[in-house]
$ cat start_5.csv   # CSV, C-alpha atoms
chain,number,residue,atom,x,y,z
U,30,MET,CA,3.1,25.3,11.4
U,31,ASP,CA,-0.2,27.2,12.2
U,32,LYS,CA,-3.3,27.2,10.0
U,33,HIS,CA,-2.0,30.1,7.9
U,34,VAL,CA,1.2,28.3,7.0
U,35,LEU,CA,-0.9,25.2,6.0
U,36,GLY,CA,-3.4,27.4,4.1
U,37,LEU,CA,-6.4,26.1,6.1
U,38,GLU,CA,-9.2,28.6,6.5
U,39,LEU,CA,-10.6,27.4,9.7
U,40,PRO,CA,-8.7,26.1,12.8
U,41,THR,CA,-10.0,23.0,14.5
U,42,ASP,CA,-12.5,23.6,17.2
U,43,PRO,CA,-10.5,23.6,20.5
U,44,ARG,CA,-13.0,21.1,22.1
U,45,TRP,CA,-11.7,18.5,19.7
U,46,VAL,CA,-8.3,17.9,21.3
U,47,ASN,CA,-9.9,17.9,24.8
U,48,ILE,CA,-12.2,15.1,23.8
U,49,ALA,CA,-9.5,13.3,21.7
U,50,GLU,CA,-7.1,13.1,24.6
U,51,LYS,CA,-9.7,11.2,26.6
U,52,ASN,CA,-10.3,8.8,23.7
U,53,ILE,CA,-6.7,7.7,22.8
U,54,GLU,CA,-7.8,4.2,21.9
U,55,GLU,CA,-10.3,5.4,19.3
U,56,ILE,CA,-7.9,8.1,18.1
U,57,LEU,CA,-5.1,5.6,17.5
U,58,ILE,CA,-7.5,3.2,15.6
U,59,ASP,CA,-8.8,6.0,13.4
U,60,HIS,CA,-5.3,7.3,12.9
U,61,ALA,CA,-4.0,3.9,11.8
U,62,TYR,CA,-6.7,3.8,9.1
U,63,CYS,CA,-5.8,7.4,8.1
U,64,GLU,CA,-2.3,6.3,7.4
U,65,GLN,CA,-3.5,3.2,5.6
U,66,LYS,CA,-5.8,5.3,3.4
U,67,ALA,CA,-3.0,7.8,2.7
U,68,ALA,CA,-0.7,4.9,1.6
U,69,SER,CA,-3.5,3.3,-0.5
U,70,SER,CA,-4.4,6.6,-2.1
U,71,CYS,CA,-0.8,7.2,-3.3
U,72,ILE,CA,-0.6,3.6,-4.6
U,73,SER,CA,-3.8,4.3,-6.6
U,74,LEU,CA,-2.3,7.5,-8.0
U,75,ILE,CA,0.7,5.6,-9.2
U,76,VAL,CA,-1.4,2.8,-10.8
U,77,LYS,CA,-3.7,5.4,-12.4
U,78,PHE,CA,-1.0,7.7,-13.7
U,79,PRO,CA,2.0,5.4,-14.3
U,80,GLU,CA,3.2,7.5,-17.3
U,81,LYS,CA,3.8,10.5,-15.0
U,82,GLN,CA,7.4,9.8,-14.0
U,83,GLU,CA,7.7,12.6,-11.6
U,84,LEU,CA,4.6,11.5,-9.8
U,85,VAL,CA,5.8,7.9,-9.6
U,86,GLU,CA,9.2,9.0,-8.2
U,87,MET,CA,7.7,11.5,-5.7
U,88,LEU,CA,4.9,9.3,-4.4
U,89,THR,CA,6.8,6.0,-4.1
U,90,PRO,CA,8.7,7.1,-1.0
U,91,VAL,CA,5.6,8.8,0.4
U,92,VAL,CA,3.8,5.4,0.4
U,93,ALA,CA,6.8,3.9,2.3
U,94,GLU,CA,6.6,6.7,4.8
U,95,GLU,CA,2.8,6.5,5.3
U,96,TRP,CA,3.1,2.8,5.8
U,97,SER,CA,5.9,3.2,8.3
U,98,HIS,CA,3.5,5.5,10.2
U,99,PHE,CA,0.8,2.8,10.1
U,100,GLU,CA,3.4,0.4,11.5
U,101,ARG,CA,4.3,2.9,14.3
U,102,VAL,CA,0.6,3.4,15.2
U,103,ILE,CA,0.1,-0.4,15.4
U,104,GLU,CA,3.1,-0.6,17.8
U,105,GLU,CA,1.8,2.2,20.0
U,106,MET,CA,-1.6,0.4,20.1
U,107,LYS,CA,0.1,-2.9,21.0
U,108,LYS,CA,2.0,-1.3,23.8
U,109,ARG,CA,-1.3,-0.1,25.3
U,110,GLY,CA,-3.2,-3.4,24.7
U,111,TYR,CA,-5.4,-2.0,21.9
U,112,SER,CA,-6.1,-3.9,18.7
U,113,LEU,CA,-7.0,-2.5,15.3
U,114,GLY,CA,-10.7,-3.5,14.9
U,115,PRO,CA,-12.9,-2.4,12.0
U,116,MET,CA,-12.5,0.8,10.0
U,117,ARG,CA,-14.6,3.7,11.4
U,118,LYS,CA,-16.9,5.7,9.1
U,119,ASP,CA,-14.9,8.7,7.8
U,120,GLU,CA,-17.5,11.5,7.4
U,121,TYR,CA,-14.9,14.1,6.7
U,122,VAL,CA,-13.5,12.3,3.7
U,123,ALA,CA,-17.0,11.3,2.6
U,124,LYS,CA,-18.0,14.9,2.5
U,125,LEU,CA,-14.8,16.0,0.8
U,126,SER,CA,-15.3,13.4,-1.9
U,127,LYS,CA,-18.6,15.1,-2.7
U,128,ILE,CA,-16.9,18.3,-3.7
U,129,GLU,CA,-14.3,16.6,-5.7
U,130,LYS,CA,-14.7,17.4,-9.4
U,131,LYS,CA,-15.0,14.4,-11.6
U,132,GLY,CA,-14.2,14.4,-15.3
U,133,GLY,CA,-12.0,16.9,-17.2
U,134,SER,CA,-8.7,16.2,-18.9
U,135,ARG,CA,-6.4,13.6,-17.5
U,136,GLU,CA,-4.2,16.4,-16.0
U,137,GLU,CA,-7.2,18.1,-14.4
U,138,GLN,CA,-8.4,14.8,-12.8
U,139,LEU,CA,-4.9,14.2,-11.5
U,140,VAL,CA,-4.5,17.8,-10.1
U,141,GLU,CA,-7.9,17.5,-8.4
U,142,LYS,CA,-6.8,14.3,-6.7
U,143,LEU,CA,-3.4,15.8,-5.7
U,144,LEU,CA,-5.1,18.9,-4.1
U,145,PHE,CA,-7.4,16.7,-2.1
U,146,ASN,CA,-4.4,14.7,-0.9
U,147,ALA,CA,-2.7,17.9,0.0
U,148,LEU,CA,-5.7,19.1,1.9
U,149,ILE,CA,-6.1,16.0,4.0
U,150,GLU,CA,-2.3,16.1,4.8
U,151,ALA,CA,-2.6,19.7,5.8
U,152,ARG,CA,-5.6,19.1,8.1
U,153,SER,CA,-3.9,16.0,9.6
U,154,CYS,CA,-0.8,18.1,10.2
U,155,GLU,CA,-2.9,20.7,12.0
U,156,ARG,CA,-4.5,18.0,14.2
U,157,PHE,CA,-1.1,16.3,15.0
U,158,ARG,CA,0.1,19.7,16.1
U,159,LEU,CA,-2.9,19.9,18.5
U,160,LEU,CA,-2.3,16.4,19.8
U,161,TRP,CA,1.5,17.1,20.2
U,162,LYS,CA,0.7,20.3,22.2
U,163,ASN,CA,-2.0,19.0,24.4
U,164,ILE,CA,-1.8,15.3,24.9
U,165,ASN,CA,-0.7,14.0,28.3
U,166,ASP,CA,1.6,11.1,27.1
U,167,GLU,CA,5.2,11.9,26.5
U,168,GLU,CA,5.8,9.1,24.0
U,169,LEU,CA,2.7,10.0,21.9
U,170,GLN,CA,3.7,13.7,22.1
U,171,LYS,CA,7.0,12.9,20.4
U,172,PHE,CA,5.3,10.7,17.9
U,173,TYR,CA,2.7,13.3,16.9
U,174,TYR,CA,5.5,15.9,16.6
U,175,GLU,CA,7.3,13.8,14.1
U,176,LEU,CA,4.1,13.1,12.2
U,177,MET,CA,3.3,16.8,12.1
U,178,VAL,CA,6.6,17.5,10.4
U,179,SER,CA,6.3,14.6,8.0
U,180,GLU,CA,2.7,15.5,6.9
U,181,ALA,CA,3.7,19.1,6.3
U,182,GLY,CA,6.3,17.8,3.9
U,183,HIS,CA,3.8,15.7,2.1
U,184,TYR,CA,1.3,18.5,1.8
U,185,LYS,CA,4.0,20.6,0.1
U,186,ASN,CA,4.9,17.7,-2.2
U,187,PHE,CA,1.4,17.3,-3.4
U,188,LEU,CA,1.0,21.0,-4.1
U,189,LYS,CA,4.3,21.1,-5.9
U,190,LEU,CA,3.4,18.1,-8.0
U,191,ALA,CA,0.0,19.6,-8.9
U,192,LYS,CA,1.8,22.7,-10.3
U,193,THR,CA,3.9,20.5,-12.7
U,194,TYR,CA,0.7,19.3,-14.4
U,195,LEU,CA,-1.3,22.6,-14.7
U,196,PRO,CA,-0.4,26.3,-14.6
U,197,GLU,CA,0.3,27.5,-11.1
U,198,LYS,CA,-2.5,30.2,-11.3
U,199,ARG,CA,-5.2,27.6,-12.1
U,200,VAL,CA,-3.9,25.2,-9.4
U,201,MET,CA,-4.0,28.0,-6.8
U,202,GLU,CA,-7.5,29.1,-7.8
U,203,ARG,CA,-8.8,25.6,-7.4
U,204,TRP,CA,-6.8,25.2,-4.2
U,205,ARG,CA,-8.5,28.3,-2.7
U,206,GLU,CA,-12.0,26.9,-3.7
U,207,ILE,CA,-11.2,23.6,-2.0
U,208,LEU,CA,-9.9,25.3,1.1
U,209,ALA,CA,-13.1,27.4,1.4
U,210,ALA,CA,-15.3,24.3,0.9
U,211,GLU,CA,-13.3,22.3,3.5
U,212,ALA,CA,-13.8,25.1,6.0
U,213,GLU,CA,-17.5,24.8,5.5
U,214,ILE,CA,-17.4,21.0,6.0
U,215,ILE,CA,-15.3,21.5,9.2
U,216,GLU,CA,-17.8,24.0,10.5
U,217,THR,CA,-20.8,21.7,10.0
U,218,LEU,CA,-19.2,18.4,11.1
U,219,GLU,CA,-20.0,17.3,14.6
U,220,VAL,CA,-16.9,17.8,16.9
U,221,ARG,CA,-16.1,14.3,17.9
U,222,GLY,CA,-12.9,13.4,19.6
U,223,ASP,CA,-12.9,9.7,18.5
U,224,ARG,CA,-11.9,10.6,15.0
U,225,MET,CA,-8.7,12.2,13.6
U,226,HIS,CA,-11.0,14.5,11.5
X,8,MET,CA,15.1,-23.3,-3.0
X,9,ASP,CA,14.0,-25.7,-5.8
X,10,LYS,CA,10.4,-26.4,-6.7
X,11,HIS,CA,10.1,-29.2,-4.1
X,12,VAL,CA,11.1,-26.9,-1.2
X,13,LEU,CA,8.5,-24.4,-2.4
X,14,GLY,CA,5.9,-27.1,-2.9
X,15,LEU,CA,5.2,-26.2,-6.6
X,16,GLU,CA,4.3,-29.2,-8.8
X,17,LEU,CA,5.5,-28.0,-12.1
X,18,PRO,CA,8.8,-26.1,-12.7
X,19,THR,CA,8.8,-23.1,-15.1
X,20,ASP,CA,9.3,-23.9,-18.7
X,21,PRO,CA,13.1,-23.4,-19.3
X,22,ARG,CA,12.2,-21.2,-22.4
X,23,TRP,CA,10.7,-18.6,-20.1
X,24,VAL,CA,14.0,-17.3,-18.7
X,25,ASN,CA,15.7,-17.3,-22.1
X,26,ILE,CA,13.0,-15.0,-23.5
X,27,ALA,CA,12.8,-13.0,-20.3
X,28,GLU,CA,16.4,-12.0,-20.3
X,29,LYS,CA,15.9,-10.5,-23.7
X,30,ASN,CA,13.0,-8.5,-22.4
X,31,ILE,CA,14.4,-6.9,-19.3
X,32,GLU,CA,12.3,-3.7,-19.8
X,33,GLU,CA,9.0,-5.6,-19.9
X,34,ILE,CA,10.1,-7.9,-17.1
X,35,LEU,CA,11.0,-5.0,-14.8
X,36,ILE,CA,7.7,-3.2,-15.5
X,37,ASP,CA,5.6,-6.3,-14.9
X,38,HIS,CA,7.7,-7.1,-11.8
X,39,ALA,CA,7.1,-3.6,-10.4
X,40,TYR,CA,3.4,-4.2,-10.6
X,41,CYS,CA,3.7,-7.6,-9.0
X,42,GLU,CA,5.3,-5.9,-6.0
X,43,GLN,CA,2.6,-3.3,-6.0
X,44,LYS,CA,-0.1,-5.9,-6.2
X,45,ALA,CA,1.5,-7.9,-3.4
X,46,ALA,CA,1.6,-4.8,-1.1
X,47,SER,CA,-2.0,-3.9,-2.0
X,48,SER,CA,-3.2,-7.5,-1.4
X,49,CYS,CA,-1.7,-7.5,2.1
X,50,ILE,CA,-3.2,-4.1,2.8
X,51,SER,CA,-6.6,-5.5,1.8
X,52,LEU,CA,-6.2,-8.4,4.1
X,53,ILE,CA,-5.4,-6.1,7.0
X,54,VAL,CA,-8.5,-3.9,6.2
X,55,LYS,CA,-10.8,-6.9,5.7
X,56,PHE,CA,-9.6,-8.8,8.8
X,57,PRO,CA,-8.5,-6.1,11.3
X,58,GLU,CA,-9.7,-8.2,14.3
X,59,LYS,CA,-7.0,-10.8,13.6
X,60,GLN,CA,-4.2,-9.4,15.5
X,61,GLU,CA,-1.6,-12.0,14.4
X,62,LEU,CA,-2.4,-11.2,10.8
X,63,VAL,CA,-2.1,-7.5,11.3
X,64,GLU,CA,1.2,-7.9,13.0
X,65,MET,CA,2.6,-10.4,10.5
X,66,LEU,CA,1.5,-8.6,7.3
X,67,THR,CA,2.2,-5.0,8.3
X,68,PRO,CA,6.0,-5.5,7.8
X,69,VAL,CA,5.4,-7.6,4.7
X,70,VAL,CA,3.6,-4.5,3.1
X,71,ALA,CA,6.7,-2.4,3.9
X,72,GLU,CA,9.0,-5.0,2.4
X,73,GLU,CA,7.0,-5.5,-0.8
X,74,TRP,CA,6.8,-1.7,-1.2
X,75,SER,CA,10.6,-1.4,-0.7
X,76,HIS,CA,10.9,-3.9,-3.6
X,77,PHE,CA,8.6,-1.8,-5.7
X,78,GLU,CA,10.9,1.2,-4.9
X,79,ARG,CA,14.0,-0.9,-5.9
X,80,VAL,CA,12.5,-2.0,-9.2
X,81,ILE,CA,11.6,1.6,-10.0
X,82,GLU,CA,15.2,2.6,-9.3
X,83,GLU,CA,16.6,-0.2,-11.5
X,84,MET,CA,14.2,1.0,-14.2
X,85,LYS,CA,15.3,4.6,-13.9
X,86,LYS,CA,19.0,3.6,-14.1
X,87,ARG,CA,18.2,1.9,-17.4
X,88,GLY,CA,16.1,4.8,-18.8
X,89,TYR,CA,12.8,2.8,-18.5
X,90,SER,CA,9.6,4.2,-17.1
X,91,LEU,CA,6.6,2.4,-15.5
X,92,GLY,CA,3.8,2.7,-18.1
X,93,PRO,CA,0.4,1.0,-17.7
X,94,MET,CA,-0.1,-2.2,-15.9
X,95,ARG,CA,0.0,-5.3,-18.1
X,96,LYS,CA,-2.7,-7.9,-18.2
X,97,ASP,CA,-2.0,-10.6,-15.6
X,98,GLU,CA,-3.4,-13.8,-17.1
X,99,TYR,CA,-1.8,-15.9,-14.4
X,100,VAL,CA,-3.5,-14.1,-11.6
X,101,ALA,CA,-6.8,-13.9,-13.5
X,102,LYS,CA,-6.8,-17.7,-14.0
X,103,LEU,CA,-5.9,-18.2,-10.4
X,104,SER,CA,-8.7,-16.0,-9.2
X,105,LYS,CA,-11.1,-18.4,-11.0
X,106,ILE,CA,-10.1,-21.3,-8.8
X,107,GLU,CA,-10.4,-19.3,-5.6
X,108,LYS,CA,-13.3,-20.5,-3.5
X,109,LYS,CA,-15.6,-17.7,-2.5
X,110,GLY,CA,-17.9,-17.9,0.5
X,111,GLY,CA,-17.6,-20.1,3.5
X,112,SER,CA,-16.9,-19.0,7.1
X,113,ARG,CA,-14.8,-15.9,7.7
X,114,GLU,CA,-11.8,-18.1,8.6
X,115,GLU,CA,-12.2,-20.2,5.4
X,116,GLN,CA,-12.3,-17.1,3.3
X,117,LEU,CA,-9.2,-15.8,5.0
X,118,VAL,CA,-7.3,-19.1,4.7
X,119,GLU,CA,-8.2,-19.2,1.0
X,120,LYS,CA,-6.7,-15.8,0.4
X,121,LEU,CA,-3.6,-16.6,2.5
X,122,LEU,CA,-3.0,-19.7,0.4
X,123,PHE,CA,-3.3,-17.8,-2.9
X,124,ASN,CA,-0.9,-15.2,-1.5
X,125,ALA,CA,1.5,-18.1,-0.5
X,126,LEU,CA,1.2,-19.6,-3.9
X,127,ILE,CA,2.0,-16.4,-5.8
X,128,GLU,CA,5.0,-15.8,-3.5
X,129,ALA,CA,6.3,-19.3,-4.1
X,130,ARG,CA,6.0,-19.1,-7.9
X,131,SER,CA,7.6,-15.6,-7.9
X,132,CYS,CA,10.4,-17.0,-5.8
X,133,GLU,CA,11.0,-19.8,-8.3
X,134,ARG,CA,11.1,-17.3,-11.1
X,135,PHE,CA,13.5,-15.0,-9.2
X,136,ARG,CA,15.8,-18.0,-8.8
X,137,LEU,CA,15.7,-18.5,-12.6
X,138,LEU,CA,16.5,-14.9,-13.3
X,139,TRP,CA,19.3,-14.9,-10.7
X,140,LYS,CA,20.9,-18.0,-12.2
X,141,ASN,CA,20.5,-17.0,-15.8
X,142,ILE,CA,20.4,-13.2,-16.3
X,143,ASN,CA,23.4,-11.5,-17.8
X,144,ASP,CA,23.4,-8.4,-15.6
X,145,GLU,CA,25.4,-8.6,-12.3
X,146,GLU,CA,23.4,-5.9,-10.6
X,147,LEU,CA,20.0,-7.5,-11.4
X,148,GLN,CA,21.4,-10.9,-10.5
X,149,LYS,CA,22.1,-9.7,-6.9
X,150,PHE,CA,18.7,-8.0,-6.8
X,151,TYR,CA,16.9,-11.2,-7.8
X,152,TYR,CA,18.9,-13.3,-5.4
X,153,GLU,CA,17.8,-11.0,-2.5
X,154,LEU,CA,14.2,-11.1,-3.7
X,155,MET,CA,14.2,-14.9,-4.0
X,156,VAL,CA,15.2,-15.1,-0.3
X,157,SER,CA,12.7,-12.5,0.7
X,158,GLU,CA,9.7,-14.1,-1.1
X,159,ALA,CA,10.5,-17.5,0.3
X,160,GLY,CA,10.2,-16.0,3.7
X,161,HIS,CA,6.8,-14.5,2.8
X,162,TYR,CA,5.6,-17.8,1.4
X,163,LYS,CA,6.3,-19.5,4.7
X,164,ASN,CA,4.6,-16.7,6.6
X,165,PHE,CA,1.4,-17.0,4.7
X,166,LEU,CA,1.3,-20.7,5.2
X,167,LYS,CA,2.0,-20.4,8.9
X,168,LEU,CA,-0.6,-17.8,9.3
X,169,ALA,CA,-3.2,-19.9,7.5
X,170,LYS,CA,-2.5,-22.7,10.0
X,171,THR,CA,-3.4,-20.4,12.9
X,172,TYR,CA,-7.0,-20.0,11.5
X,173,LEU,CA,-7.9,-23.5,10.4
X,174,PRO,CA,-6.5,-27.0,11.4
X,175,GLU,CA,-3.2,-27.8,9.7
X,176,LYS,CA,-4.7,-30.9,8.0
X,177,ARG,CA,-7.5,-28.9,6.3
X,178,VAL,CA,-5.0,-26.2,5.3
X,179,MET,CA,-2.6,-28.7,3.7
X,180,GLU,CA,-5.4,-30.5,1.9
X,181,ARG,CA,-6.6,-27.3,0.3
X,182,TRP,CA,-3.0,-26.2,-0.3
X,183,ARG,CA,-2.3,-29.4,-2.3
X,184,GLU,CA,-5.5,-28.9,-4.4
X,185,ILE,CA,-4.4,-25.3,-5.2
X,186,LEU,CA,-0.9,-26.5,-6.1
X,187,ALA,CA,-2.4,-29.1,-8.5
X,188,ALA,CA,-4.7,-26.5,-10.1
X,189,GLU,CA,-1.8,-24.0,-10.4
X,190,ALA,CA,0.3,-26.6,-12.2
X,191,GLU,CA,-2.5,-27.0,-14.8
X,192,ILE,CA,-2.6,-23.3,-15.3
X,193,ILE,CA,1.1,-23.0,-15.7
X,194,GLU,CA,1.0,-25.9,-18.2
X,195,THR,CA,-1.7,-24.2,-20.4
X,196,LEU,CA,-0.5,-20.6,-20.2
X,197,GLU,CA,1.5,-19.4,-23.2
X,198,VAL,CA,5.2,-19.1,-22.3
X,199,ARG,CA,5.9,-15.4,-22.6
X,200,GLY,CA,9.1,-13.8,-21.4
X,201,ASP,CA,7.6,-10.3,-21.0
X,202,ARG,CA,5.7,-11.3,-17.8
X,203,MET,CA,6.9,-12.5,-14.4
X,204,HIS,CA,4.3,-15.2,-14.6
$ encode --input "start_5.csv" --output "structure tokens"
Amino acid sequence: MDKHVLGLELPTDPRWVNIAEKNIEEILIDHAYCEQKAASSCISLIVKFPEKQELVEMLTPVVAEEWSHFERVIEEMKKRGYSLGPMRKDEYVAKLSKIEKKGGSREEQLVEKLLFNALIEARSCERFRLLWKNINDEELQKFYYELMVSEAGHYKNFLKLAKTYLPEKRVMERWREILAAEAEIIETLEVRGDRMH
Amino acid sequence: MDKHVLGLELPTDPRWVNIAEKNIEEILIDHAYCEQKAASSCISLIVKFPEKQELVEMLTPVVAEEWSHFERVIEEMKKRGYSLGPMRKDEYVAKLSKIEKKGGSREEQLVEKLLFNALIEARSCERFRLLWKNINDEELQKFYYELMVSEAGHYKNFLKLAKTYLPEKRVMERWREILAAEAEIIETLEVRGDRMH
């Protein structure tokens, strides 16, 4: 489950997890919203591409899973006396959305969205692994381990789905472009341990 | 579980279920989207009012339940060889949104949204009861019976939640106004058996 398995070009700065483990409240809040955005993003894909039966069938259980993670994060927050509070600005996703190609055929638009979903799952998976390995809280360690496994599954699903709508070669070319662009974003983003990304 | 229990002022035209049972494909498609919209509407409430801890805790499992209904509808469709297809125009909800009061305090805005959610759950519940009682498909009958029970629970939750944010008297006054306005909408809407509402 290292960066090579996930395809990511740049590993997370090691300072991130050191700051993150001191900011568990902020990390949990931001994480809850990541799960909400993942669920909402899959719902949008279903509503925008309802004629794609494989997509509807593959993403419907993903929504349920992402939402069950949201539910679990809210429980972990409650146990610790934290409450949700407003959504934090997500600079990582804002920067990613700038490199997303708009337009093209319906299939191209869909594949683009699937690849960005795959990417965010892969990066989240890498971060959950760091939290699992480093955090000083046994309960949260178990939780992040489970999430790491689950998000790795989603990442593969999104890539697999993308390959059903465009030829594998084209999908993988665009995937590599996106991975390179994401590495640049990660490199230039301020390392802040109060965000998942 | 009759209209009086649910508070609705006008029962559904009896012709509706007679047409609906001949249009199961259209009813299932429209129903899937009703579940999706219910889940998305609760997610929006959580994102808009994240500081309201009772709301977050009450609606988080409601999203999971609505989404599990979406999942079940998709399964029932698949068994019958139907696929989702585009969202149908929802004239009922479009007309309801015109009587929704915008503005006011944060609590007033929230209560308004909770009451409209309660209303749609109540009307859906009434329609599920009609489908359960009348439809000539044992499997779907069971399904609609379960949904009727579940939506009745949600309807009560939304009303209860509304009363935690504004005094009961004010909530019930506005609730009666909304019920009266909804009865007028139901009376003037064309009876069409290819929609849940």
$ interface_residues --input "start_5.csv" --of "chain U" --to "chain X" --cutoff "10 Å" --atoms "all atoms listed in the file" --output "ChimeraX atom specification"
/U:62,65-66,68-69,72-73,75-82,85-86,89-90,92-97,99-100,103-104,107,111-116
$ atom_distance --input "start_5.csv" --atom1 "atom CA of U:Ala191" --atom2 "atom CA of U:Leu143"
6.0 Å
$ atom_distance --input "start_5.csv" --atom1 "atom CA of X:Glu184" --atom2 "atom CA of X:Arg95"
27.8 Å
$ atom_distance --input "start_5.csv" --atom1 "atom CA of X:Leu103" --atom2 "atom CA of X:Ala188"
8.4 Å
$ residues_around --input "start_5.csv" --residues "U:Asn146" --least-positions-apart "6" --cutoff "10 Å" --atoms "all atoms listed in the file" --output "mmCIF file with C-alpha atoms, in the coordinates of the input"
data_model
loop_
_atom_site.group_PDB
_atom_site.id
_atom_site.type_symbol
_atom_site.label_atom_id
_atom_site.label_comp_id
_atom_site.auth_asym_id
_atom_site.auth_seq_id
_atom_site.Cartn_x
_atom_site.Cartn_y
_atom_site.Cartn_z
ATOM 1 C CA ALA U 67 -3.000 7.800 2.700
ATOM 2 C CA SER U 70 -4.400 6.600 -2.100
ATOM 3 C CA CYS U 71 -0.800 7.200 -3.300
ATOM 4 C CA VAL U 140 -4.500 17.800 -10.100
ATOM 5 C CA HIS U 183 3.800 15.700 2.100
ATOM 6 C CA TYR U 184 1.300 18.500 1.800
ATOM 7 C CA ASN U 186 4.900 17.700 -2.200
ATOM 8 C CA PHE U 187 1.400 17.300 -3.400
ATOM 9 C CA LEU U 188 1.000 21.000 -4.100
#
$ closest_residue --input "start_5.csv" --among "U:Lys51, U:Lys192, U:Lys185, U:His60" --to "U:Asp119" --atoms "only C-alpha atoms"
U:His60
$ residues_around --input "start_5.csv" --residues "stretch 138-149 of chain X" --least-positions-apart "6" --cutoff "8 Å" --atoms "all atoms listed in the file" --output "PDB file with C-alpha atoms, in the frame of the given file"
ATOM      1  CA  VAL X  24      14.000 -17.300 -18.700  1.00  0.00           C
ATOM      2  CA  ASN X  25      15.700 -17.300 -22.100  1.00  0.00           C
ATOM      3  CA  GLU X  28      16.400 -12.000 -20.300  1.00  0.00           C
TER       4      GLU X  28
END
$ closest_residue --input "start_5.csv" --among "U:Lys198, U:Lys130, U:Lys189, U:Lys124" --to "U:Ile215" --atoms "only C-alpha atoms"
U:Lys124
$ closest_residue --input "start_5.csv" --among "X:Cys41, X:Met203, X:Leu186, X:Leu17" --to "X:Ala125" --atoms "only C-alpha atoms"
X:Leu186
$ closest_residue --input "start_5.csv" --among "X:Glu83, X:Tyr99, X:Met65, X:Phe123" --to "X:Arg183" --atoms "all atoms listed in the file"
X:Phe123
$ residues_near_point --input "start_5.csv" --point "(2.6, 16.6, 12.2)" --cutoff "8 Å" --atoms "only C-alpha atoms" --output "PyMOL selection string"
chain U and resi 153-158+173-181
$ write_last_selection --input "start_5.csv" --atoms "C-alpha atoms" --output "compact mmCIF listing (two decimals), in the frame of the given file"
# COMPACT_ATOMS: atom_id res chain seq x y z
CA SER U 153 -3.90 16.00 9.60
CA CYS U 154 -0.80 18.10 10.20
CA GLU U 155 -2.90 20.70 12.00
CA ARG U 156 -4.50 18.00 14.20
CA PHE U 157 -1.10 16.30 15.00
CA ARG U 158 0.10 19.70 16.10
CA TYR U 173 2.70 13.30 16.90
CA TYR U 174 5.50 15.90 16.60
CA GLU U 175 7.30 13.80 14.10
CA LEU U 176 4.10 13.10 12.20
CA MET U 177 3.30 16.80 12.10
CA VAL U 178 6.60 17.50 10.40
CA SER U 179 6.30 14.60 8.00
CA GLU U 180 2.70 15.50 6.90
CA ALA U 181 3.70 19.10 6.30
